[in-house]
$ cat data05.cif   # mmCIF, C-alpha atoms
data_query
#
loop_
_atom_site.label_atom_id
_atom_site.label_comp_id
_atom_site.auth_asym_id
_atom_site.auth_seq_id
_atom_site.Cartn_x
_atom_site.Cartn_y
_atom_site.Cartn_z
CA MET A 485 96.78 111.83 105.10
CA SER A 486 96.04 112.14 101.37
CA THR A 487 97.89 110.48 98.55
CA PHE A 488 97.75 111.36 94.87
CA LEU A 489 99.56 109.38 92.19
CA LEU A 490 99.85 110.03 88.45
CA THR A 491 101.13 106.90 86.76
CA ASP A 492 101.78 105.55 83.28
CA SER A 493 101.38 101.98 84.58
CA PRO A 494 98.09 100.09 85.09
CA ILE A 495 96.37 101.21 88.30
CA ASP A 496 96.52 98.73 91.19
CA PRO A 497 94.57 100.38 94.01
CA ASN A 498 94.96 97.60 96.63
CA ALA A 499 97.86 99.10 98.55
CA TYR A 500 96.25 102.55 98.40
CA ALA A 501 92.90 101.20 99.63
CA SER A 502 94.62 99.39 102.52
CA ALA A 503 96.40 102.60 103.49
CA LEU A 504 92.99 104.26 104.04
CA ARG A 505 92.11 101.80 106.83
CA ARG A 506 91.72 103.27 110.31
CA ASP A 507 90.41 101.79 113.52
CA GLU A 508 87.88 104.67 113.57
CA ALA A 509 86.64 103.90 110.05
CA GLY A 510 83.19 102.38 109.70
CA GLY A 511 83.38 102.19 105.96
CA TYR A 512 85.18 102.89 102.74
CA CYS A 513 83.87 104.08 99.41
CA SER A 514 85.71 103.94 96.10
CA PHE A 515 85.11 105.05 92.54
CA GLU A 516 86.77 103.60 89.46
CA GLY A 517 86.62 105.37 86.11
CA TRP A 518 87.02 103.00 83.13
CA VAL A 519 87.65 103.55 79.45
CA ARG A 520 84.32 103.17 77.62
CA ASN A 521 84.00 101.95 74.02
CA ASN A 522 81.84 104.85 72.86
CA SER A 523 81.46 108.58 73.25
CA ASP A 524 78.66 110.76 71.90
CA GLY A 525 77.60 108.03 69.50
CA GLN A 526 81.10 107.37 68.16
CA ALA A 527 82.91 104.05 68.59
CA VAL A 528 86.04 104.61 70.71
CA LEU A 529 89.16 102.41 70.49
CA GLY A 530 91.04 103.94 73.43
CA LEU A 531 92.21 107.07 75.22
CA ASP A 532 95.44 108.98 75.63
CA TYR A 533 95.97 111.08 78.73
CA GLN A 534 98.46 113.89 79.26
CA ALA A 535 99.01 115.81 82.50
CA TYR A 536 101.04 118.80 83.59
CA LEU A 537 102.59 116.89 86.46
CA PRO A 538 103.67 119.49 89.04
CA LEU A 539 100.42 121.48 88.81
CA ALA A 540 98.22 118.37 88.56
CA GLU A 541 99.78 117.02 91.74
CA ALA A 542 99.34 120.33 93.57
CA GLU A 543 95.70 120.71 92.45
CA ALA A 544 94.76 117.11 93.19
CA LEU A 545 96.28 117.31 96.66
CA ALA A 546 94.33 120.54 97.21
CA VAL A 547 91.12 118.72 96.21
CA LEU A 548 91.84 115.87 98.63
CA ALA A 549 92.67 118.31 101.43
CA GLU A 550 89.41 120.19 100.74
CA ALA A 551 87.48 116.92 100.95
CA GLU A 552 89.05 116.20 104.34
CA THR A 553 88.10 119.68 105.57
CA ARG A 554 84.53 119.72 104.21
CA PHE A 555 83.40 116.20 105.06
CA ASP A 556 83.64 113.98 108.11
CA ILE A 557 86.12 111.56 106.58
CA LEU A 558 89.35 109.99 107.77
CA ALA A 559 91.43 109.78 104.59
CA ALA A 560 91.11 110.15 100.82
CA SER A 561 93.38 109.13 97.96
CA CYS A 562 93.39 109.26 94.18
CA ILE A 563 95.31 107.56 91.38
CA HIS A 564 95.07 108.83 87.79
CA ARG A 565 96.52 107.25 84.67
CA ILE A 566 98.48 109.03 81.99
CA GLY A 567 99.62 107.57 78.67
CA THR A 568 97.80 105.22 76.33
CA LEU A 569 94.75 103.28 77.61
CA ALA A 570 92.61 100.56 76.03
CA ILE A 571 88.89 99.84 76.45
CA GLY A 572 88.18 98.65 80.00
CA ASP A 573 91.39 100.05 81.50
CA MET A 574 91.04 101.91 84.77
CA ALA A 575 91.69 105.61 84.14
CA VAL A 576 91.10 106.89 87.67
CA TRP A 577 90.61 105.50 91.16
CA ILE A 578 89.35 107.38 94.22
CA GLY A 579 89.12 105.94 97.72
CA VAL A 580 87.69 107.51 100.89
CA SER A 581 87.42 106.10 104.40
CA ALA A 582 85.07 107.62 106.98
CA PRO A 583 83.40 106.83 110.30
CA HIS A 584 79.99 106.68 108.54
CA ARG A 585 78.88 105.93 104.98
CA ASP A 586 77.19 109.23 104.13
CA ALA A 587 80.41 111.22 104.30
CA ALA A 588 82.35 108.51 102.44
CA PHE A 589 79.90 108.56 99.50
CA THR A 590 79.64 112.35 99.42
CA ALA A 591 83.39 112.95 99.63
CA CYS A 592 84.12 110.34 96.95
CA ARG A 593 81.69 112.09 94.60
CA PHE A 594 83.20 115.49 95.47
CA VAL A 595 86.74 114.30 94.72
CA ILE A 596 85.98 112.80 91.29
CA ASP A 597 83.92 115.86 90.30
CA GLU A 598 86.63 118.31 91.36
CA ILE A 599 89.43 116.24 89.76
CA LYS A 600 87.52 116.35 86.47
CA ARG A 601 86.78 120.05 86.84
CA ARG A 602 90.12 121.58 87.71
CA VAL A 603 93.15 119.27 87.62
CA PRO A 604 95.33 119.82 84.51
CA ILE A 605 94.82 116.41 82.90
CA TRP A 606 93.65 116.00 79.30
CA LYS A 607 92.17 113.08 77.40
CA ARG A 608 92.21 112.34 73.71
CA GLU A 609 89.64 109.94 72.33
CA ARG A 610 90.79 107.64 69.52
CA TYR A 611 87.84 106.71 67.32
CA ALA A 612 87.19 103.62 65.22
CA ASP A 613 86.97 105.76 62.06
CA GLY A 614 90.64 106.70 62.48
CA HIS A 615 90.43 110.26 63.76
CA SER A 616 91.14 111.37 67.31
CA GLU A 617 90.24 114.42 69.33
CA TRP A 618 91.34 116.18 72.51
CA ILE A 619 88.33 116.57 74.75
CA ALA A 620 87.97 120.06 76.23
CA CYS A 621 85.38 119.60 78.99
CA HIS A 622 85.99 122.10 81.72
CA GLU A 623 87.50 125.54 81.54
CA VAL A 624 89.51 125.90 84.72
CA ALA A 625 87.89 128.71 86.69
CA GLU A 626 89.84 131.47 88.37
CA ILE A 627 90.11 130.66 92.05
CA SER A 628 88.97 133.69 93.98
CA MET B 410 114.57 139.98 75.73
CA PRO B 411 113.84 137.35 78.35
CA ARG B 412 114.22 133.72 77.30
CA LEU B 413 111.28 131.53 78.32
CA THR B 414 110.58 127.83 78.29
CA LEU B 415 107.10 126.99 77.00
CA GLU B 416 105.55 123.60 77.57
CA TYR B 417 102.45 122.54 75.65
CA PHE B 418 99.72 120.00 76.36
CA ALA B 419 96.80 118.44 74.52
CA LEU B 420 95.50 120.45 71.55
CA LEU B 421 98.14 123.16 72.01
CA ARG B 422 100.90 120.53 71.78
CA ASP B 423 99.45 119.19 68.52
CA GLU B 424 99.05 122.68 67.06
CA ALA B 425 102.53 123.81 68.14
CA GLY B 426 103.98 120.57 66.77
CA CYS B 427 106.29 120.20 69.78
CA PRO B 428 105.94 119.46 73.49
CA GLN B 429 108.30 122.24 74.53
CA GLU B 430 110.25 125.15 73.10
CA GLU B 431 112.46 128.01 74.21
CA ILE B 432 111.71 131.47 72.90
CA ASP B 433 112.93 135.01 73.34
CA THR B 434 110.01 137.34 73.64
CA SER B 435 109.34 141.04 73.84
CA ALA B 436 105.82 140.39 75.16
CA THR B 437 105.15 142.39 78.30
CA SER B 438 102.33 140.18 79.50
CA LEU B 439 101.30 136.54 79.23
CA ALA B 440 98.26 137.67 77.24
CA MET B 441 100.58 139.30 74.65
CA LEU B 442 102.75 136.19 74.66
CA TYR B 443 99.74 133.99 73.85
CA ASP B 444 98.77 136.37 71.02
CA GLU B 445 102.29 136.13 69.63
CA LEU B 446 102.20 132.32 69.81
CA THR B 447 98.74 132.19 68.26
CA HIS B 448 100.16 133.95 65.21
CA ARG B 449 103.18 131.69 65.10
CA HIS B 450 101.44 128.34 65.64
CA GLY B 451 97.85 129.02 64.60
CA PHE B 452 96.40 128.14 67.99
CA THR B 453 92.64 127.75 67.70
CA LEU B 454 91.74 128.13 71.39
CA PRO B 455 91.00 131.71 72.42
CA ALA B 456 92.84 132.91 75.53
CA LYS B 457 89.54 133.31 77.36
CA ARG B 458 89.14 129.51 77.39
CA LEU B 459 92.61 128.99 78.88
CA ARG B 460 94.39 129.57 82.11
CA VAL B 461 98.10 130.10 82.36
CA ALA B 462 100.71 128.83 84.79
CA VAL B 463 104.19 130.18 85.46
CA ASN B 464 106.72 127.97 87.22
CA ALA B 465 104.03 125.41 88.12
CA ALA B 466 101.58 127.86 89.73
CA PHE B 467 98.52 129.53 88.20
CA ALA B 468 99.36 133.10 87.13
CA ASN B 469 97.49 136.18 85.94
CA TRP B 470 97.37 137.09 82.25
CA ASP B 471 98.96 140.47 83.01
CA HIS B 472 102.04 138.82 84.55
CA ARG B 473 105.19 140.07 82.80
CA PRO B 474 107.30 137.11 81.69
CA ALA B 475 110.80 137.12 83.16
CA GLU B 476 114.06 135.44 82.19
CA GLY B 477 113.91 131.70 82.82
CA ASP B 478 110.14 131.50 83.39
CA HIS B 479 108.52 128.16 82.59
CA VAL B 480 105.14 128.97 81.04
CA VAL B 481 102.25 126.57 80.45
CA PHE B 482 98.92 127.49 78.88
CA ILE B 483 96.18 125.29 80.33
CA PRO B 484 93.46 124.26 77.86
CA PRO B 485 90.07 123.16 79.21
CA VAL B 486 90.74 120.01 81.24
CA SER B 487 89.23 116.56 80.79
CA GLY B 488 90.63 114.21 83.41
CA GLY B 489 88.69 111.40 85.01
#
$ encode --input "data05.cif" --output "structure tokens"
Amino acid sequence: MSTFLLTDSPIDPNAYASALRRDEAGGYCSFEGWVRNNSDGQAVLGLDYQAYLPLAEAEALAVLAEAETRFDILAASCIHRIGTLAIGDMAVWIGVSAPHRDAAFTACRFVIDEIKRRVPIWKRERYADGHSEWIACHEVAEIS
Amino acid sequence: MPRLTLEYFALLRDEAGCPQEEIDTSATSLAMLYDELTHRHGFTLPAKRLRVAVNAAFANWDHRPAEGDHVVFIPPVSGG
């Protein structure tokens, strides 16, 4: 059972982490992405995120379902912020439970990489010198 | 001419100057529609860097827009 949440409120992963618990689980792995105060040598004051909600939800759920198919895990969830974030805020949370640690680590890495690569979410960096810029990292590939 | 709803995100939203608009178009493909909008709004991203979605699903550039379609051009993403 996968859960994906896009939220404009601060991320509180506790309830989502608890929901990953299973009697068969030997471990749990999580990743938190935080807003960093610099980017490519420029001082950053904060980030703004936008998302195309219906497609972001569909793509993120597809990523989580793929993780459950490809790796020996029990459950995986993701929360991603939208809106205005300050330095140190949590921008994304991923949690994966699995019988053994290898699959938990691998699947967690897979989910964050795929979320960054193909889910329609965009970040704008606000710099200390007053300008801001939308970051265009990953062209979304055609799915064959 | 079919009436479409266009929703913009990120750089395209800034360049269009609005999050959403309704337009009547004679474009016979989404590629032609993006050309038309590039002239109108001065979009700086070439179509080859974008994908396009119709009614919340990825679509092909040769899709012919139909009355009531909700069209979103997807700039390179940067979540996480």
$ closest_residue --input "data05.cif" --among "B:Gly489, B:Pro484, B:Pro428, B:Gly451" --to "Thr414 (chain B)" --atoms "only C-alpha atoms"
B:Pro428
$ closest_residue --input "data05.cif" --among "A:Arg608, A:Ala582, A:Ala540, A:Glu626" --to "Asp423 (chain B)" --atoms "only C-alpha atoms"
A:Arg608
$ interface_residues --input "data05.cif" --of "chain A" --to "chain B" --cutoff "9 Å" --atoms "only C-alpha atoms" --output "VMD selection string"
chain A and resid 517 to 518 533 to 539 542 564 to 565 575 to 577 596 to 597 599 to 608 617 to 626
$ residues_around --input "data05.cif" --residues "Gly477 (chain B)" --least-positions-apart "2" --cutoff "9 Å" --atoms "all atoms listed in the file" --output "JSON, numbers by chain"
{"B": [411, 412, 413, 414, 474, 475, 479]}
$ atom_distance --input "data05.cif" --atom1 "CA of Ser581 (chain A)" --atom2 "CA of Asp492 (chain A)"
25.5 Å
$ resolve_selection --input "data05.cif" --expression "the PyMOL selection byres ((chain A and resi 510) around 10)" --output "list of chain:residue names"
A:Arg505, A:Arg506, A:Asp507, A:Glu508, A:Ala509, A:Gly511, A:Tyr512, A:Leu558, A:Ser581, A:Ala582, A:Pro583, A:His584, A:Arg585, A:Ala588
$ atom_distance --input "data05.cif" --atom1 "CA of Phe589 (chain A)" --atom2 "CA of Glu609 (chain A)"
28.9 Å
$ atom_distance --input "data05.cif" --atom1 "CA of Glu550 (chain A)" --atom2 "CA of Trp470 (chain B)"
26.3 Å
$ closest_residue --input "data05.cif" --among "A:Ile557, A:Ile495, A:Val519, A:Ile563" --to "Thr590 (chain A)" --atoms "all atoms listed in the file"
A:Ile557
$ decode --input "data05.cif" --residues "region 539-577 of chain A" --atoms "N, CA and C atoms" --output "PDB file, in the first residue's frame"
ATOM      1  N   LEU A 539      -1.369  15.086 -12.270  1.00  0.00           N
ATOM      2  CA  LEU A 539      -0.341  14.282 -12.940  1.00  0.00           C
ATOM      3  C   LEU A 539       0.800  13.939 -11.977  1.00  0.00           C
ATOM      4  N   ALA A 540       1.117  14.848 -11.075  1.00  0.00           N
ATOM      5  CA  ALA A 540       2.161  14.568 -10.073  1.00  0.00           C
ATOM      6  C   ALA A 540       1.736  13.393  -9.201  1.00  0.00           C
ATOM      7  N   GLU A 541       0.473  13.391  -8.789  1.00  0.00           N
ATOM      8  CA  GLU A 541      -0.006  12.284  -7.962  1.00  0.00           C
ATOM      9  C   GLU A 541       0.044  10.973  -8.733  1.00  0.00           C
ATOM     10  N   ALA A 542      -0.399  10.988  -9.976  1.00  0.00           N
ATOM     11  CA  ALA A 542      -0.404   9.756 -10.782  1.00  0.00           C
ATOM     12  C   ALA A 542       1.021   9.250 -11.000  1.00  0.00           C
ATOM     13  N   GLU A 543       1.952  10.145 -11.327  1.00  0.00           N
ATOM     14  CA  GLU A 543       3.339   9.738 -11.585  1.00  0.00           C
ATOM     15  C   GLU A 543       4.024   9.249 -10.320  1.00  0.00           C
ATOM     16  N   ALA A 544       3.797   9.946  -9.213  1.00  0.00           N
ATOM     17  CA  ALA A 544       4.440   9.531  -7.959  1.00  0.00           C
ATOM     18  C   ALA A 544       3.907   8.175  -7.510  1.00  0.00           C
ATOM     19  N   LEU A 545       2.619   7.958  -7.648  1.00  0.00           N
ATOM     20  CA  LEU A 545       2.063   6.646  -7.280  1.00  0.00           C
ATOM     21  C   LEU A 545       2.613   5.555  -8.194  1.00  0.00           C
ATOM     22  N   ALA A 546       2.845   5.894  -9.464  1.00  0.00           N
ATOM     23  CA  ALA A 546       3.447   4.925 -10.394  1.00  0.00           C
ATOM     24  C   ALA A 546       4.871   4.586  -9.953  1.00  0.00           C
ATOM     25  N   VAL A 547       5.624   5.596  -9.494  1.00  0.00           N
ATOM     26  CA  VAL A 547       6.986   5.364  -9.002  1.00  0.00           C
ATOM     27  C   VAL A 547       6.962   4.436  -7.788  1.00  0.00           C
ATOM     28  N   LEU A 548       6.055   4.704  -6.850  1.00  0.00           N
ATOM     29  CA  LEU A 548       5.973   3.879  -5.638  1.00  0.00           C
ATOM     30  C   LEU A 548       5.566   2.446  -5.988  1.00  0.00           C
ATOM     31  N   ALA A 549       4.630   2.310  -6.925  1.00  0.00           N
ATOM     32  CA  ALA A 549       4.202   0.966  -7.338  1.00  0.00           C
ATOM     33  C   ALA A 549       5.354   0.224  -8.012  1.00  0.00           C
ATOM     34  N   GLU A 550       6.145   0.949  -8.834  1.00  0.00           N
ATOM     35  CA  GLU A 550       7.315   0.336  -9.471  1.00  0.00           C
ATOM     36  C   GLU A 550       8.313  -0.143  -8.433  1.00  0.00           C
ATOM     37  N   ALA A 551       8.520   0.672  -7.398  1.00  0.00           N
ATOM     38  CA  ALA A 551       9.457   0.289  -6.331  1.00  0.00           C
ATOM     39  C   ALA A 551       8.991  -0.999  -5.662  1.00  0.00           C
ATOM     40  N   GLU A 552       7.680  -1.108  -5.444  1.00  0.00           N
ATOM     41  CA  GLU A 552       7.158  -2.313  -4.783  1.00  0.00           C
ATOM     42  C   GLU A 552       7.292  -3.544  -5.677  1.00  0.00           C
ATOM     43  N   THR A 553       7.237  -3.325  -6.998  1.00  0.00           N
ATOM     44  CA  THR A 553       7.385  -4.450  -7.930  1.00  0.00           C
ATOM     45  C   THR A 553       8.852  -4.865  -8.066  1.00  0.00           C
ATOM     46  N   ARG A 554       9.746  -3.870  -8.136  1.00  0.00           N
ATOM     47  CA  ARG A 554      11.156  -4.157  -8.449  1.00  0.00           C
ATOM     48  C   ARG A 554      11.958  -4.645  -7.264  1.00  0.00           C
ATOM     49  N   PHE A 555      11.585  -4.238  -6.057  1.00  0.00           N
ATOM     50  CA  PHE A 555      12.402  -4.542  -4.885  1.00  0.00           C
ATOM     51  C   PHE A 555      11.584  -5.324  -3.864  1.00  0.00           C
ATOM     52  N   ASP A 556      12.284  -6.054  -3.022  1.00  0.00           N
ATOM     53  CA  ASP A 556      11.622  -6.881  -2.018  1.00  0.00           C
ATOM     54  C   ASP A 556      11.298  -6.020  -0.791  1.00  0.00           C
ATOM     55  N   ILE A 557      10.286  -5.162  -0.990  1.00  0.00           N
ATOM     56  CA  ILE A 557       9.892  -4.256   0.097  1.00  0.00           C
ATOM     57  C   ILE A 557       8.435  -4.508   0.472  1.00  0.00           C
ATOM     58  N   LEU A 558       8.016  -3.950   1.570  1.00  0.00           N
ATOM     59  CA  LEU A 558       6.644  -4.161   2.050  1.00  0.00           C
ATOM     60  C   LEU A 558       5.751  -2.961   1.760  1.00  0.00           C
ATOM     61  N   ALA A 559       6.295  -1.766   1.886  1.00  0.00           N
ATOM     62  CA  ALA A 559       5.492  -0.566   1.628  1.00  0.00           C
ATOM     63  C   ALA A 559       6.424   0.622   1.420  1.00  0.00           C
ATOM     64  N   ALA A 560       5.933   1.611   0.660  1.00  0.00           N
ATOM     65  CA  ALA A 560       6.725   2.813   0.392  1.00  0.00           C
ATOM     66  C   ALA A 560       5.786   4.001   0.306  1.00  0.00           C
ATOM     67  N   SER A 561       6.195   5.120   0.881  1.00  0.00           N
ATOM     68  CA  SER A 561       5.386   6.336   0.834  1.00  0.00           C
ATOM     69  C   SER A 561       6.264   7.553   0.598  1.00  0.00           C
ATOM     70  N   CYS A 562       5.603   8.615   0.127  1.00  0.00           N
ATOM     71  CA  CYS A 562       6.331   9.852  -0.162  1.00  0.00           C
ATOM     72  C   CYS A 562       5.442  11.050   0.152  1.00  0.00           C
ATOM     73  N   ILE A 563       6.055  12.079   0.730  1.00  0.00           N
ATOM     74  CA  ILE A 563       5.380  13.364   0.940  1.00  0.00           C
ATOM     75  C   ILE A 563       6.252  14.436   0.288  1.00  0.00           C
ATOM     76  N   HIS A 564       5.640  15.325  -0.484  1.00  0.00           N
ATOM     77  CA  HIS A 564       6.398  16.405  -1.119  1.00  0.00           C
ATOM     78  C   HIS A 564       5.711  17.728  -0.837  1.00  0.00           C
ATOM     79  N   ARG A 565       6.521  18.726  -0.479  1.00  0.00           N
ATOM     80  CA  ARG A 565       5.978  20.061  -0.234  1.00  0.00           C
ATOM     81  C   ARG A 565       5.730  20.812  -1.523  1.00  0.00           C
ATOM     82  N   ILE A 566       4.728  21.691  -1.485  1.00  0.00           N
ATOM     83  CA  ILE A 566       4.591  22.742  -2.487  1.00  0.00           C
ATOM     84  C   ILE A 566       4.484  24.059  -1.720  1.00  0.00           C
ATOM     85  N   GLY A 567       4.596  25.168  -2.422  1.00  0.00           N
ATOM     86  CA  GLY A 567       4.506  26.472  -1.772  1.00  0.00           C
ATOM     87  C   GLY A 567       5.875  27.033  -1.425  1.00  0.00           C
ATOM     88  N   THR A 568       5.905  27.910  -0.447  1.00  0.00           N
ATOM     89  CA  THR A 568       7.104  28.662  -0.101  1.00  0.00           C
ATOM     90  C   THR A 568       7.822  28.026   1.078  1.00  0.00           C
ATOM     91  N   LEU A 569       9.115  27.700   0.888  1.00  0.00           N
ATOM     92  CA  LEU A 569       9.907  27.036   1.928  1.00  0.00           C
ATOM     93  C   LEU A 569      11.119  27.879   2.306  1.00  0.00           C
ATOM     94  N   ALA A 570      11.498  27.770   3.587  1.00  0.00           N
ATOM     95  CA  ALA A 570      12.659  28.492   4.111  1.00  0.00           C
ATOM     96  C   ALA A 570      13.822  27.519   4.293  1.00  0.00           C
ATOM     97  N   ILE A 571      15.012  28.061   4.509  1.00  0.00           N
ATOM     98  CA  ILE A 571      16.199  27.231   4.737  1.00  0.00           C
ATOM     99  C   ILE A 571      15.920  26.241   5.871  1.00  0.00           C
ATOM    100  N   GLY A 572      16.272  24.983   5.655  1.00  0.00           N
ATOM    101  CA  GLY A 572      16.100  23.952   6.676  1.00  0.00           C
ATOM    102  C   GLY A 572      14.755  23.240   6.628  1.00  0.00           C
ATOM    103  N   ASP A 573      13.790  23.809   5.914  1.00  0.00           N
ATOM    104  CA  ASP A 573      12.484  23.132   5.806  1.00  0.00           C
ATOM    105  C   ASP A 573      12.640  21.809   5.070  1.00  0.00           C
ATOM    106  N   MET A 574      11.786  20.856   5.434  1.00  0.00           N
ATOM    107  CA  MET A 574      11.782  19.581   4.728  1.00  0.00           C
ATOM    108  C   MET A 574      10.966  19.738   3.444  1.00  0.00           C
ATOM    109  N   ALA A 575      11.597  19.438   2.308  1.00  0.00           N
ATOM    110  CA  ALA A 575      10.930  19.577   1.012  1.00  0.00           C
ATOM    111  C   ALA A 575      10.327  18.255   0.565  1.00  0.00           C
ATOM    112  N   VAL A 576      10.949  17.150   0.975  1.00  0.00           N
ATOM    113  CA  VAL A 576      10.455  15.839   0.546  1.00  0.00           C
ATOM    114  C   VAL A 576      10.808  14.806   1.606  1.00  0.00           C
ATOM    115  N   TRP A 577       9.927  13.841   1.775  1.00  0.00           N
ATOM    116  CA  TRP A 577      10.174  12.710   2.679  1.00  0.00           C
ATOM    117  C   TRP A 577       9.800  11.420   1.941  1.00  0.00           C
TER     118      TRP A 577
END
